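Enquirer: As input, take model14.cif (mmCIF, C-alpha atoms and all ligand atoms):
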data_protein
loop_
_atom_site.group_PDB
_atom_site.id
_atom_site.type_symbol
_atom_site.label_atom_id
_atom_site.label_comp_id
_atom_site.auth_asym_id
_atom_site.auth_seq_id
_atom_site.Cartn_x
_atom_site.Cartn_y
_atom_site.Cartn_z
ATOM 1 C CA MET A 1 -114.922 58.083 91.104
ATOM 2 C CA THR A 2 -114.144 58.154 94.809
ATOM 3 C CA ASN A 3 -115.456 61.216 96.519
ATOM 4 C CA THR A 4 -112.981 63.819 97.627
ATOM 5 C CA TYR A 5 -114.970 65.423 100.401
ATOM 6 C CA VAL A 6 -112.947 67.234 103.018
ATOM 7 C CA GLU A 7 -114.020 68.135 106.547
ATOM 8 C CA GLY A 8 -114.148 71.802 107.383
ATOM 9 C CA LEU A 9 -115.486 74.409 109.771
ATOM 10 C CA VAL A 10 -117.622 77.360 108.655
ATOM 11 C CA LEU A 11 -115.976 80.560 109.901
ATOM 12 C CA LYS A 12 -118.473 82.943 108.415
ATOM 13 C CA ASN A 13 -121.079 83.532 105.801
ATOM 14 C CA TYR A 14 -120.426 86.655 103.824
ATOM 15 C CA GLY A 15 -121.590 87.971 100.491
ATOM 16 C CA GLY A 16 -123.193 84.698 99.513
ATOM 17 C CA PHE A 17 -120.085 82.650 100.263
ATOM 18 C CA TYR A 18 -119.239 80.360 103.144
ATOM 19 C CA TYR A 19 -115.676 80.555 104.387
ATOM 20 C CA VAL A 20 -114.641 77.065 105.355
ATOM 21 C CA GLN A 21 -111.417 76.156 107.109
ATOM 22 C CA ASP A 22 -109.927 72.680 106.694
ATOM 23 C CA SER A 23 -107.728 70.813 109.174
ATOM 24 C CA LYS A 24 -104.611 72.331 107.593
ATOM 25 C CA LYS A 25 -106.030 75.785 108.431
ATOM 26 C CA ASP A 26 -106.530 76.677 104.776
ATOM 27 C CA ILE A 27 -109.673 78.645 104.100
ATOM 28 C CA TYR A 28 -111.922 78.005 101.106
ATOM 29 C CA GLU A 29 -114.562 80.277 99.702
ATOM 30 C CA CYS A 30 -117.471 77.935 99.183
ATOM 31 C CA LYS A 31 -120.748 77.998 97.332
ATOM 32 C CA LEU A 32 -123.535 75.724 98.435
ATOM 33 C CA ARG A 33 -124.336 72.511 96.621
ATOM 34 C CA GLY A 34 -127.826 73.114 95.334
ATOM 35 C CA LYS A 35 -129.504 70.388 97.339
ATOM 36 C CA ILE A 36 -128.725 71.869 100.784
ATOM 37 C CA ARG A 37 -131.945 73.250 102.260
ATOM 38 C CA GLN A 38 -130.952 73.830 105.840
ATOM 39 C CA ALA A 39 -129.394 77.169 106.838
ATOM 40 C CA VAL A 40 -125.618 76.881 107.173
ATOM 41 C CA LEU A 41 -124.412 78.489 110.389
ATOM 42 C CA THR A 42 -121.108 79.846 111.533
ATOM 43 C CA GLY A 43 -119.573 76.995 113.518
ATOM 44 C CA ASP A 44 -121.070 74.289 111.336
ATOM 45 C CA LYS A 45 -118.827 71.325 110.654
ATOM 46 C CA VAL A 46 -119.263 70.491 107.008
ATOM 47 C CA LEU A 47 -117.997 68.318 104.198
ATOM 48 C CA PHE A 48 -116.884 70.205 101.137
ATOM 49 C CA THR A 49 -115.195 69.637 97.809
ATOM 50 C CA PRO A 50 -112.095 71.775 97.376
ATOM 51 C CA LEU A 51 -111.674 73.271 93.911
ATOM 52 C CA GLU A 52 -108.895 75.380 92.431
ATOM 53 C CA HIS A 53 -107.945 78.890 93.582
ATOM 54 C CA GLY A 54 -109.246 78.483 97.118
ATOM 55 C CA GLN A 55 -112.794 77.895 95.963
ATOM 56 C CA GLY A 56 -114.966 75.021 97.055
ATOM 57 C CA ILE A 57 -118.412 73.515 97.156
ATOM 58 C CA LEU A 58 -120.103 72.968 100.469
ATOM 59 C CA GLU A 59 -121.735 69.566 100.275
ATOM 60 C CA THR A 60 -123.307 68.641 103.612
ATOM 61 C CA ILE A 61 -123.693 69.887 107.159
ATOM 62 C CA GLN A 62 -122.691 67.461 109.873
ATOM 63 C CA LYS A 63 -124.828 66.928 112.925
ATOM 64 C CA ARG A 64 -124.659 69.881 115.326
ATOM 65 C CA ARG A 65 -123.747 69.358 118.924
ATOM 66 C CA ASN A 66 -125.590 72.523 119.882
ATOM 67 C CA GLU A 67 -126.967 75.655 118.335
ATOM 68 C CA MET A 68 -127.335 79.116 119.831
ATOM 69 C CA THR A 69 -129.470 81.997 118.767
ATOM 70 C CA ARG A 70 -128.337 85.555 119.446
ATOM 71 C CA PRO A 71 -125.994 85.207 117.669
ATOM 72 C CA ARG A 72 -126.705 82.180 115.520
ATOM 73 C CA ILE A 73 -123.752 79.893 115.934
ATOM 74 C CA ALA A 74 -123.325 76.132 116.055
ATOM 75 C CA ASN A 75 -121.076 73.691 117.900
ATOM 76 C CA ILE A 76 -119.908 75.953 120.692
ATOM 77 C CA ASP A 77 -117.579 74.197 123.142
ATOM 78 C CA LEU A 78 -116.663 76.913 125.527
ATOM 79 C CA LEU A 79 -118.331 79.840 127.227
ATOM 80 C CA LEU A 80 -115.971 82.495 128.523
ATOM 81 C CA ILE A 81 -117.849 84.499 131.128
ATOM 82 C CA ILE A 82 -116.076 87.821 131.361
ATOM 83 C CA LEU A 83 -116.612 89.659 134.617
ATOM 84 C CA ALA A 84 -114.650 92.565 136.034
ATOM 85 C CA ASN A 85 -112.774 92.749 139.287
ATOM 86 C CA ASP A 86 -114.504 96.124 139.510
ATOM 87 C CA GLU A 87 -115.972 98.737 137.143
ATOM 88 C CA PRO A 88 -118.509 97.210 136.854
ATOM 89 C CA ALA A 89 -118.719 95.180 140.061
ATOM 90 C CA PRO A 90 -119.763 91.626 139.207
ATOM 91 C CA SER A 91 -123.276 90.320 139.795
ATOM 92 C CA LEU A 92 -123.371 86.910 141.444
ATOM 93 C CA SER A 93 -126.844 86.103 140.166
ATOM 94 C CA LEU A 94 -125.876 86.899 136.581
ATOM 95 C CA LEU A 95 -122.836 84.667 136.935
ATOM 96 C CA ASP A 96 -124.896 81.758 138.215
ATOM 97 C CA ARG A 97 -127.424 82.139 135.426
ATOM 98 C CA LEU A 98 -124.688 82.050 132.844
ATOM 99 C CA LEU A 99 -123.114 78.997 134.482
ATOM 100 C CA VAL A 100 -126.421 77.135 134.565
ATOM 101 C CA ASN A 101 -127.100 78.059 130.981
ATOM 102 C CA ALA A 102 -123.686 76.885 129.854
ATOM 103 C CA SER A 103 -124.059 73.621 131.706
ATOM 104 C CA TYR A 104 -127.556 73.077 130.290
ATOM 105 C CA ASN A 105 -126.183 73.551 126.788
ATOM 106 C CA GLY A 106 -123.299 71.170 127.409
ATOM 107 C CA LEU A 107 -120.662 73.891 127.295
ATOM 108 C CA THR A 108 -117.542 74.084 129.381
ATOM 109 C CA SER A 109 -117.415 77.440 131.090
ATOM 110 C CA TYR A 110 -114.578 79.572 132.330
ATOM 111 C CA ILE A 111 -115.063 82.499 134.642
ATOM 112 C CA ILE A 112 -112.670 85.225 133.564
ATOM 113 C CA LEU A 113 -112.197 87.811 136.260
ATOM 114 C CA ASN A 114 -110.758 90.672 134.231
ATOM 115 C CA LYS A 115 -109.349 94.024 135.334
ATOM 116 C CA ILE A 116 -107.318 92.583 138.193
ATOM 117 C CA ASP A 117 -105.168 95.682 137.849
ATOM 118 C CA LEU A 118 -108.018 97.413 139.705
ATOM 119 C CA PRO A 119 -108.758 97.051 143.432
ATOM 120 C CA GLU A 120 -111.074 94.149 144.093
ATOM 121 C CA ASP A 121 -114.812 94.585 144.574
ATOM 122 C CA GLU A 122 -116.442 92.602 147.391
ATOM 123 C CA ASN A 123 -118.319 90.290 145.015
ATOM 124 C CA ALA A 124 -115.170 89.759 142.979
ATOM 125 C CA ALA A 125 -113.450 88.552 146.137
ATOM 126 C CA ILE A 126 -116.299 86.114 146.792
ATOM 127 C CA ILE A 127 -116.104 84.798 143.240
ATOM 128 C CA ALA A 128 -112.342 84.338 143.360
ATOM 129 C CA ARG A 129 -112.598 82.448 146.623
ATOM 130 C CA TYR A 130 -115.690 80.285 146.205
ATOM 131 C CA TYR A 131 -115.825 79.031 142.635
ATOM 132 C CA PRO A 132 -112.338 77.575 142.139
ATOM 133 C CA GLN A 133 -112.698 75.769 145.454
ATOM 134 C CA LYS A 134 -115.832 74.105 144.038
ATOM 135 C CA GLY A 135 -114.126 72.996 140.846
ATOM 136 C CA PHE A 136 -115.132 75.818 138.519
ATOM 137 C CA ASN A 137 -112.561 77.102 136.048
ATOM 138 C CA LEU A 138 -111.487 80.625 136.889
ATOM 139 C CA ILE A 139 -108.815 82.791 135.333
ATOM 140 C CA LYS A 140 -107.796 86.183 136.643
ATOM 141 C CA SER A 141 -106.776 88.527 133.901
ATOM 142 C CA SER A 142 -105.924 92.039 132.985
ATOM 143 C CA VAL A 143 -106.282 92.774 129.321
ATOM 144 C CA ARG A 144 -104.774 96.151 130.043
ATOM 145 C CA ASN A 145 -101.602 94.735 131.620
ATOM 146 C CA ASN A 146 -101.484 91.516 129.598
ATOM 147 C CA ILE A 147 -101.990 89.225 132.581
ATOM 148 C CA GLY A 148 -103.654 85.828 132.295
ATOM 149 C CA ILE A 149 -103.920 85.976 128.529
ATOM 150 C CA ASN A 150 -101.915 82.803 127.999
ATOM 151 C CA SER A 151 -104.198 80.917 130.352
ATOM 152 C CA ILE A 152 -107.170 82.120 128.328
ATOM 153 C CA LYS A 153 -105.496 80.940 125.130
ATOM 154 C CA GLU A 154 -104.872 77.556 126.688
ATOM 155 C CA ALA A 155 -108.530 77.302 127.636
ATOM 156 C CA ILE A 156 -109.586 78.063 124.067
ATOM 157 C CA MET A 157 -107.109 75.624 122.521
ATOM 158 C CA ASP A 158 -108.807 73.622 119.758
ATOM 159 C CA ARG A 159 -112.240 74.702 120.874
ATOM 160 C CA ILE A 160 -114.920 77.074 119.668
ATOM 161 C CA ALA A 161 -115.327 79.788 122.269
ATOM 162 C CA VAL A 162 -117.840 82.570 122.753
ATOM 163 C CA LEU A 163 -117.753 85.469 125.153
ATOM 164 C CA ALA A 164 -120.526 86.429 127.525
ATOM 165 C CA GLY A 165 -120.845 88.911 130.311
ATOM 166 C CA PRO A 166 -122.102 92.352 131.214
ATOM 167 C CA SER A 167 -121.258 95.549 129.407
ATOM 168 C CA GLY A 168 -117.902 97.129 130.152
ATOM 169 C CA THR A 169 -116.078 94.071 131.489
ATOM 170 C CA GLY A 170 -113.551 93.953 128.632
ATOM 171 C CA LYS A 171 -114.972 91.450 126.138
ATOM 172 C CA SER A 172 -114.154 93.519 123.065
ATOM 173 C CA SER A 173 -110.764 94.436 124.496
ATOM 174 C CA LEU A 174 -109.953 90.761 125.022
ATOM 175 C CA LEU A 175 -111.178 89.805 121.580
ATOM 176 C CA ASN A 176 -109.069 92.505 119.984
ATOM 177 C CA LEU A 177 -106.018 91.407 121.888
ATOM 178 C CA LEU A 178 -106.461 87.754 120.938
ATOM 179 C CA VAL A 179 -107.390 88.397 117.343
ATOM 180 C CA GLU A 180 -104.848 91.133 116.729
ATOM 181 C CA GLU A 181 -102.123 88.646 117.494
ATOM 182 C CA ALA A 182 -103.717 86.157 115.145
ATOM 183 C CA ASP A 183 -103.911 88.899 112.532
ATOM 184 C CA ILE A 184 -100.186 89.474 112.499
ATOM 185 C CA LYS A 185 -99.399 85.958 111.450
ATOM 186 C CA THR A 186 -102.405 85.273 109.297
ATOM 187 C CA GLN A 187 -102.365 88.325 107.098
ATOM 188 C CA ASP A 188 -102.721 86.350 103.902
ATOM 189 C CA VAL A 189 -105.693 84.539 105.237
ATOM 190 C CA SER A 190 -107.336 87.728 106.383
ATOM 191 C CA LYS A 191 -106.822 89.286 103.008
ATOM 192 C CA LYS A 192 -108.277 86.235 101.403
ATOM 193 C CA ILE A 193 -111.420 86.276 103.482
ATOM 194 C CA GLY A 194 -111.724 90.000 102.955
ATOM 195 C CA ARG A 195 -111.743 90.694 106.608
ATOM 196 C CA GLY A 196 -111.901 94.109 108.138
ATOM 197 C CA ARG A 197 -112.924 94.462 111.715
ATOM 198 C CA HIS A 198 -115.743 96.774 110.749
ATOM 199 C CA THR A 199 -116.846 95.329 107.443
ATOM 200 C CA THR A 200 -119.073 92.561 108.662
ATOM 201 C CA ARG A 201 -122.089 92.390 110.847
ATOM 202 C CA HIS A 202 -122.274 88.642 110.483
ATOM 203 C CA VAL A 203 -121.062 86.302 113.165
ATOM 204 C CA GLU A 204 -117.504 85.317 112.506
ATOM 205 C CA LEU A 205 -115.201 82.777 114.085
ATOM 206 C CA TYR A 206 -111.621 83.966 114.315
ATOM 207 C CA PRO A 207 -108.992 81.251 114.295
ATOM 208 C CA LEU A 208 -106.350 81.911 116.953
ATOM 209 C CA ASP A 209 -102.690 81.182 116.368
ATOM 210 C CA SER A 210 -102.535 79.338 119.635
ATOM 211 C CA GLY A 211 -105.370 77.032 118.515
ATOM 212 C CA GLY A 212 -109.112 77.234 118.627
ATOM 213 C CA TRP A 213 -111.591 79.846 117.505
ATOM 214 C CA ILE A 214 -113.332 82.746 119.109
ATOM 215 C CA ALA A 215 -116.580 84.313 117.987
ATOM 216 C CA ASP A 216 -116.913 88.029 117.507
ATOM 217 C CA THR A 217 -119.917 88.236 119.769
ATOM 218 C CA PRO A 218 -119.276 91.106 122.142
ATOM 219 C CA GLY A 219 -122.925 91.478 123.005
ATOM 220 C CA PHE A 220 -123.541 87.812 123.582
ATOM 221 C CA SER A 221 -125.996 87.193 126.332
ATOM 222 C CA ILE A 222 -127.899 84.064 127.158
ATOM 223 C CA LEU A 223 -129.959 85.265 130.028
ATOM 224 C CA ASN A 224 -133.307 83.702 129.341
ATOM 225 C CA PRO A 225 -133.889 80.794 131.650
ATOM 226 C CA PRO A 226 -133.225 77.649 129.690
ATOM 227 C CA ASN A 227 -136.211 75.557 128.854
ATOM 228 C CA MET A 228 -135.597 72.920 131.502
ATOM 229 C CA GLU A 229 -137.747 71.224 134.099
ATOM 230 C CA SER A 230 -137.483 72.581 137.625
ATOM 231 C CA ARG A 231 -136.294 69.216 138.932
ATOM 232 C CA GLN A 232 -133.305 69.329 136.575
ATOM 233 C CA LEU A 233 -131.973 72.620 137.859
ATOM 234 C CA ALA A 234 -129.931 71.206 140.745
ATOM 235 C CA ASN A 235 -128.018 69.005 138.271
ATOM 236 C CA HIS A 236 -126.386 72.175 137.020
ATOM 237 C CA TYR A 237 -125.028 73.108 140.443
ATOM 238 C CA PRO A 238 -121.835 71.071 140.829
ATOM 239 C CA ASP A 239 -121.413 72.235 144.417
ATOM 240 C CA PHE A 240 -124.792 70.631 145.312
ATOM 241 C CA GLN A 241 -123.938 67.218 143.893
ATOM 242 C CA GLU A 242 -122.395 65.532 146.905
ATOM 243 C CA PHE A 243 -125.518 66.351 148.919
ATOM 244 C CA VAL A 244 -128.465 65.744 146.585
ATOM 245 C CA SER A 245 -128.485 61.987 147.073
ATOM 246 C CA LEU A 246 -128.614 62.395 150.850
ATOM 247 C CA CYS A 247 -131.943 64.246 150.928
ATOM 248 C CA ARG A 248 -134.834 62.411 152.534
ATOM 249 C CA PHE A 249 -136.973 62.603 149.410
ATOM 250 C CA SER A 250 -135.474 61.279 146.199
ATOM 251 C CA ASP A 251 -137.365 63.941 144.236
ATOM 252 C CA CYS A 252 -136.300 66.721 146.597
ATOM 253 C CA LEU A 253 -136.184 70.127 144.922
ATOM 254 C CA HIS A 254 -134.140 71.446 147.869
ATOM 255 C CA TYR A 255 -136.832 74.040 148.285
ATOM 256 C CA ARG A 256 -139.590 73.569 150.841
ATOM 257 C CA GLU A 257 -138.881 69.943 151.666
ATOM 258 C CA LYS A 258 -137.902 68.673 155.080
ATOM 259 C CA ASP A 259 -134.589 66.892 155.742
ATOM 260 C CA CYS A 260 -132.889 68.396 152.760
ATOM 261 C CA SER A 261 -129.131 67.830 152.717
ATOM 262 C CA VAL A 262 -128.543 70.713 150.350
ATOM 263 C CA LYS A 263 -130.208 73.150 152.744
ATOM 264 C CA LYS A 264 -128.242 71.590 155.593
ATOM 265 C CA ALA A 265 -125.009 72.178 153.642
ATOM 266 C CA VAL A 266 -126.054 75.801 153.182
ATOM 267 C CA SER A 267 -126.617 76.276 156.900
ATOM 268 C CA ASP A 268 -123.269 74.542 157.561
ATOM 269 C CA ASN A 269 -121.623 77.084 155.205
ATOM 270 C CA ILE A 270 -120.385 74.399 152.818
ATOM 271 C CA ILE A 271 -122.603 75.658 150.013
ATOM 272 C CA ALA A 272 -122.550 79.445 149.850
ATOM 273 C CA GLU A 273 -125.825 81.064 150.772
ATOM 274 C CA PHE A 274 -125.773 83.303 147.711
ATOM 275 C CA ARG A 275 -125.523 80.216 145.500
ATOM 276 C CA TYR A 276 -128.575 78.744 147.171
ATOM 277 C CA ARG A 277 -130.491 82.026 146.901
ATOM 278 C CA ASN A 278 -129.718 82.196 143.175
ATOM 279 C CA TYR A 279 -130.828 78.592 142.854
ATOM 280 C CA VAL A 280 -134.170 79.308 144.539
ATOM 281 C CA ALA A 281 -134.754 82.382 142.361
ATOM 282 C CA MET A 282 -134.236 80.354 139.177
ATOM 283 C CA LEU A 283 -136.209 77.432 140.554
ATOM 284 C CA GLU A 284 -139.206 79.647 141.272
ATOM 285 C CA GLU A 285 -139.074 80.988 137.718
ATOM 286 C CA LEU A 286 -139.040 77.474 136.310
ATOM 287 C CA ILE A 287 -141.893 76.383 138.563
ATOM 288 C CA GLU A 288 -143.851 79.446 137.523
ATOM 289 C CA ASN A 289 -143.295 78.621 133.850
ATOM 290 C CA GLU A 290 -144.431 75.059 134.423
ATOM 291 C CA ARG A 291 -147.650 76.406 135.969
ATOM 292 C CA CYS A 292 -148.265 78.669 132.992
ATOM 293 C CA TYR A 293 -147.663 76.092 130.293
ATOM 294 C CA ARG A 294 -149.072 73.008 131.849
HETATM 295 N N1 LIG A 301 -108.470 98.701 134.137
HETATM 296 C C1 LIG A 301 -108.777 97.901 133.116
HETATM 297 N N2 LIG A 301 -109.628 98.312 132.173
HETATM 298 C C2 LIG A 301 -109.934 97.461 131.170
HETATM 299 C C3 LIG A 301 -109.384 96.162 131.084
HETATM 300 N N3 LIG A 301 -109.894 95.557 129.988
HETATM 301 C C4 LIG A 301 -110.712 96.441 129.422
HETATM 302 N N4 LIG A 301 -110.742 97.602 130.107
HETATM 303 C C5 LIG A 301 -111.508 98.841 129.806
HETATM 304 O O1 LIG A 301 -112.877 98.619 130.114
HETATM 305 C C6 LIG A 301 -113.707 99.382 129.221
HETATM 306 C C7 LIG A 301 -114.742 98.487 128.584
HETATM 307 O O2 LIG A 301 -114.086 97.528 127.789
HETATM 308 P P1 LIG A 301 -114.797 96.815 126.556
HETATM 309 O O3 LIG A 301 -113.810 95.853 126.002
HETATM 310 O O4 LIG A 301 -115.381 97.794 125.642
HETATM 311 O O5 LIG A 301 -115.977 96.049 127.337
HETATM 312 P P2 LIG A 301 -117.103 95.104 126.705
HETATM 313 O O6 LIG A 301 -117.222 93.968 127.647
HETATM 314 O O7 LIG A 301 -116.812 94.787 125.297
HETATM 315 O O8 LIG A 301 -118.408 95.996 126.839
HETATM 316 P P3 LIG A 301 -119.742 95.931 125.905
HETATM 317 O O9 LIG A 301 -119.320 95.905 124.482
HETATM 318 O O10 LIG A 301 -120.494 97.147 126.291
HETATM 319 O O11 LIG A 301 -120.457 94.675 126.323
HETATM 320 C C8 LIG A 301 -112.747 100.013 128.218
HETATM 321 O O12 LIG A 301 -112.534 101.351 128.619
HETATM 322 C C9 LIG A 301 -111.490 99.187 128.343
HETATM 323 O O13 LIG A 301 -110.329 99.917 128.026
HETATM 324 C C10 LIG A 301 -108.469 95.755 132.110
HETATM 325 O O14 LIG A 301 -107.942 94.637 132.129
HETATM 326 N N5 LIG A 301 -108.215 96.665 133.101
HETATM 327 MG MG MG A 302 -117.866 95.178 123.535
HETATM 328 ZN ZN ZN A 303 -132.858 68.443 149.078
#
Please lay out the structure from this file as structure tokens.
Ligand SMILES: Nc1nc2c(ncn2[C@@H]2O[C@H](COP(=O)(O)OP(=O)(O)OP(=O)(O)O)[C@@H](O)[C@H]2O)c(=O)[nH]1
Ligand SMILES: [Mg+2]
Ligand SMILES: [Zn+2]
Expert:
Amino acid sequence: MTNTYVEGLVLKNYGGFYYVQDSKKDIYECKLRGKIRQAVLTGDKVLFTPLEHGQGILETIQKRRNEMTRPRIANIDLLLIILANDEPAPSLSLLDRLLVNASYNGLTSYIILNKIDLPEDENAAIIARYYPQKGFNLIKSSVRNNIGINSIKEAIMDRIAVLAGPSGTGKSSLLNLLVEEADIKTQDVSKKIGRGRHTTRHVELYPLDSGGWIADTPGFSILNPPNMESRQLANHYPDFQEFVSLCRFSDCLHYREKDCSVKKAVSDNIIAEFRYRNYVAMLEELIENERCYR
């Protein structure tokens, strides 16, 4: 007999079942094949055997491209960093930490500057000016006034997205807006997977009508410094890249070295000083960790 395995994506694990969506967007309620030992995570790409009545058997987990804790989710493509134009005013150092973290984990990141219906905070103005000019993705939005939402949908298209950002910036509001629209047209599916916004405390991926998935992770934060070597940090600063090869020392950390092109670019106002300050703060933490664990 030829095998009839089908590729699918785990949307959630609930009540002992795994809800697996195939490429036709149909969702199957799957039990595990006995031999699977590894924990199956939301976001896992799997092979499963479809059975009758929307049931299935989850056969194997495919190799993960990444895996996050807090919440536990696999194969994330996209980090949406939700900041507010004001209320709360955005923190530049938090933003840079999130960007470094995303880059370290191989994620594409988008800076979403939400609440543009409000007057702009000083840091918000800096963000809106500096980052797009350096090639970062930035979308201005107002969940309240339905501005920028289509651009966010386009960013998520066919990808697995998670939200990050400080409290009060509008993550839950955005999620509700995106998922509510999906709800309208996927009622049958939501009935089938027994969904209720408040019924589950497990991580769930919501398929969006416009394509892609978003995780219900309003409290998502990935603030711990990633476990990288200090000399790797500059690789995660795209605005440093055109200068790093011009430093006098090939192993320059752009820290206390002489003839450092990155520092020169900072004093020439090509690299923003706040970016460099955030770099040094993270660098010192990494160096400190290396001292402790050597
Ligand atoms: N003016 C304005 N207010 C907004 C906008 N989006 C969300 N809000 C409001 O901002 C407040 C916080 O929104 P939430 O969606 O709860 O923020 P959150 O990021 O989920 O916050 P945490 O769950 O604490 O991390 C609420 O009162 C929202 O109504 C917006 O675009 N403009
Ligand atoms: Mg929230
Ligand atoms: Zn240097």
Enquirer: If the limit is 7 Å from any atom of ligand ZN 303 (chain A), counting only C-alpha atoms and all ligand atoms, which residues qualify? Return them as a PyMOL selection string.
Expert: chain A and resi 244+247+252-255+257+260-263
Enquirer: Apply the PyMOL selection byres (((not hetatm)) within 6 of (chain A and resi 301)) to the file shown and report the selected residues as a ChimeraX atom specification.
Expert: /A:114-115,117-118,142-144,166-173,218-219
Enquirer: Give as number ranges by chain the residues that the PyMOL selection byres (((chain A and resi 38-51) around 10) and not hetatm) matches when applied to the coordinates above.
Expert: A: 3-13, 18-22, 27-33, 35-37, 52-68, 71-76, 160, 202-205, 213, 215
Enquirer: To one decimal in Å, tell me the separation between atom CA of Tyr206 of chain A and atom CA of Glu180 of chain A.
Expert: 10.2 Å
Enquirer: Measuring between all atoms listed in the file, which one of A:Arg277, A:Ile139, A:Ile82, A:Phe240 shows the shortest distance to ligand MG 302 (chain A)?
Expert: A:Ile82
Enquirer: Rounded to one decimal in Å, what is the spacing between atom CA of Leu283 of chain A and atom CA of Lys258 of chain A?
Expert: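 So the two atoms, atom CA of Leu283 of chain A and atom CA of Lys258 of chain A, lie 17.0 Å apart.
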Enquirer: One number please: atom CA of Pro226 of chain A to atom CA of Tyr104 of chain A, in Å, one decimal.
Expert: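 These two atoms are separated by 7.3 Å.
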Enquirer: Could you list, as a list in words, every residue matched by the PyMOL selection byres (((chain A and resi 230-233) around 6) and not hetatm) in this structure?
Expert: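 The output of the PyMOL selection byres (((chain A and resi 230-233) around 6) and not hetatm) on this file is Glu229, Ala234, Asn235, His236, Leu283, Leu286 and Ile287 of chain A.
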Enquirer: Rank nothing, just name the residue among A:Gly211, A:Ser250, A:Tyr237, A:Asp268 nearest to Lys24 of chain A, using all atoms listed in the file.
Expert: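 Nearest to Lys24 of chain A: A:Gly211.
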Enquirer: Name all residues at most 10 Å from Ile149 of chain A (count only C-alpha atoms; drop same-chain ones fewer than 5 positions away) and give them as a list in words.
Expert: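 My reading of the contact set: Ile139, Lys140, Ser141, Ser142, Val143, Glu154, Ala155, Leu174, Leu177 and Leu178 of chain A.
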Enquirer: Considering all atoms listed in the file, return as a PDB file with C-alpha atoms, in the frame of the given file whatever protein or nucleic-acid residues lie within 12 Å of Asp239 of chain A, sequence-local ones (same chain, fewer than 5 positions apart) excluded.
Expert:
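Below is the file selection_28.pdb, written as the result:
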ATOM      1  CA  ASP A  96    -124.896  81.758 138.215  1.00  0.00           C
ATOM      2  CA  TYR A 130    -115.690  80.285 146.205  1.00  0.00           C
ATOM      3  CA  TYR A 131    -115.825  79.031 142.635  1.00  0.00           C
ATOM      4  CA  PRO A 132    -112.338  77.575 142.139  1.00  0.00           C
ATOM      5  CA  GLN A 133    -112.698  75.769 145.454  1.00  0.00           C
ATOM      6  CA  LYS A 134    -115.832  74.105 144.038  1.00  0.00           C
ATOM      7  CA  GLY A 135    -114.126  72.996 140.846  1.00  0.00           C
ATOM      8  CA  PHE A 136    -115.132  75.818 138.519  1.00  0.00           C
ATOM      9  CA  ALA A 234    -129.931  71.206 140.745  1.00  0.00           C
ATOM     10  CA  VAL A 244    -128.465  65.744 146.585  1.00  0.00           C
ATOM     11  CA  VAL A 262    -128.543  70.713 150.350  1.00  0.00           C
ATOM     12  CA  ALA A 265    -125.009  72.178 153.642  1.00  0.00           C
ATOM     13  CA  VAL A 266    -126.054  75.801 153.182  1.00  0.00           C
ATOM     14  CA  ASN A 269    -121.623  77.084 155.205  1.00  0.00           C
ATOM     15  CA  ILE A 270    -120.385  74.399 152.818  1.00  0.00           C
ATOM     16  CA  ILE A 271    -122.603  75.658 150.013  1.00  0.00           C
ATOM     17  CA  ALA A 272    -122.550  79.445 149.850  1.00  0.00           C
ATOM     18  CA  GLU A 273    -125.825  81.064 150.772  1.00  0.00           C
ATOM     19  CA  ARG A 275    -125.523  80.216 145.500  1.00  0.00           C
ATOM     20  CA  TYR A 276    -128.575  78.744 147.171  1.00  0.00           C
ATOM     21  CA  TYR A 279    -130.828  78.592 142.854  1.00  0.00           C
TER      22      TYR A 279
END
Enquirer: Go through A:Phe243, A:Tyr110, A:Phe274, A:Phe249 and flag the residue nearest Asp77 of chain A, using all atoms listed in the file for the distances.
Expert: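 Checking each of A:Phe243, A:Tyr110, A:Phe274, A:Phe249 against Asp77 of chain A, counting all atoms listed in the file, the winner is A:Tyr110.
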Enquirer: Considering only C-alpha atoms, state which residue in the set A:Glu122, A:Asn137, A:Asn105, A:Val280 is at the smallest distance from Pro88 of chain A.
Expert: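 Of A:Glu122, A:Asn137, A:Asn105, A:Val280, the one nearest Pro88 of chain A, counting only C-alpha atoms, is A:Glu122.
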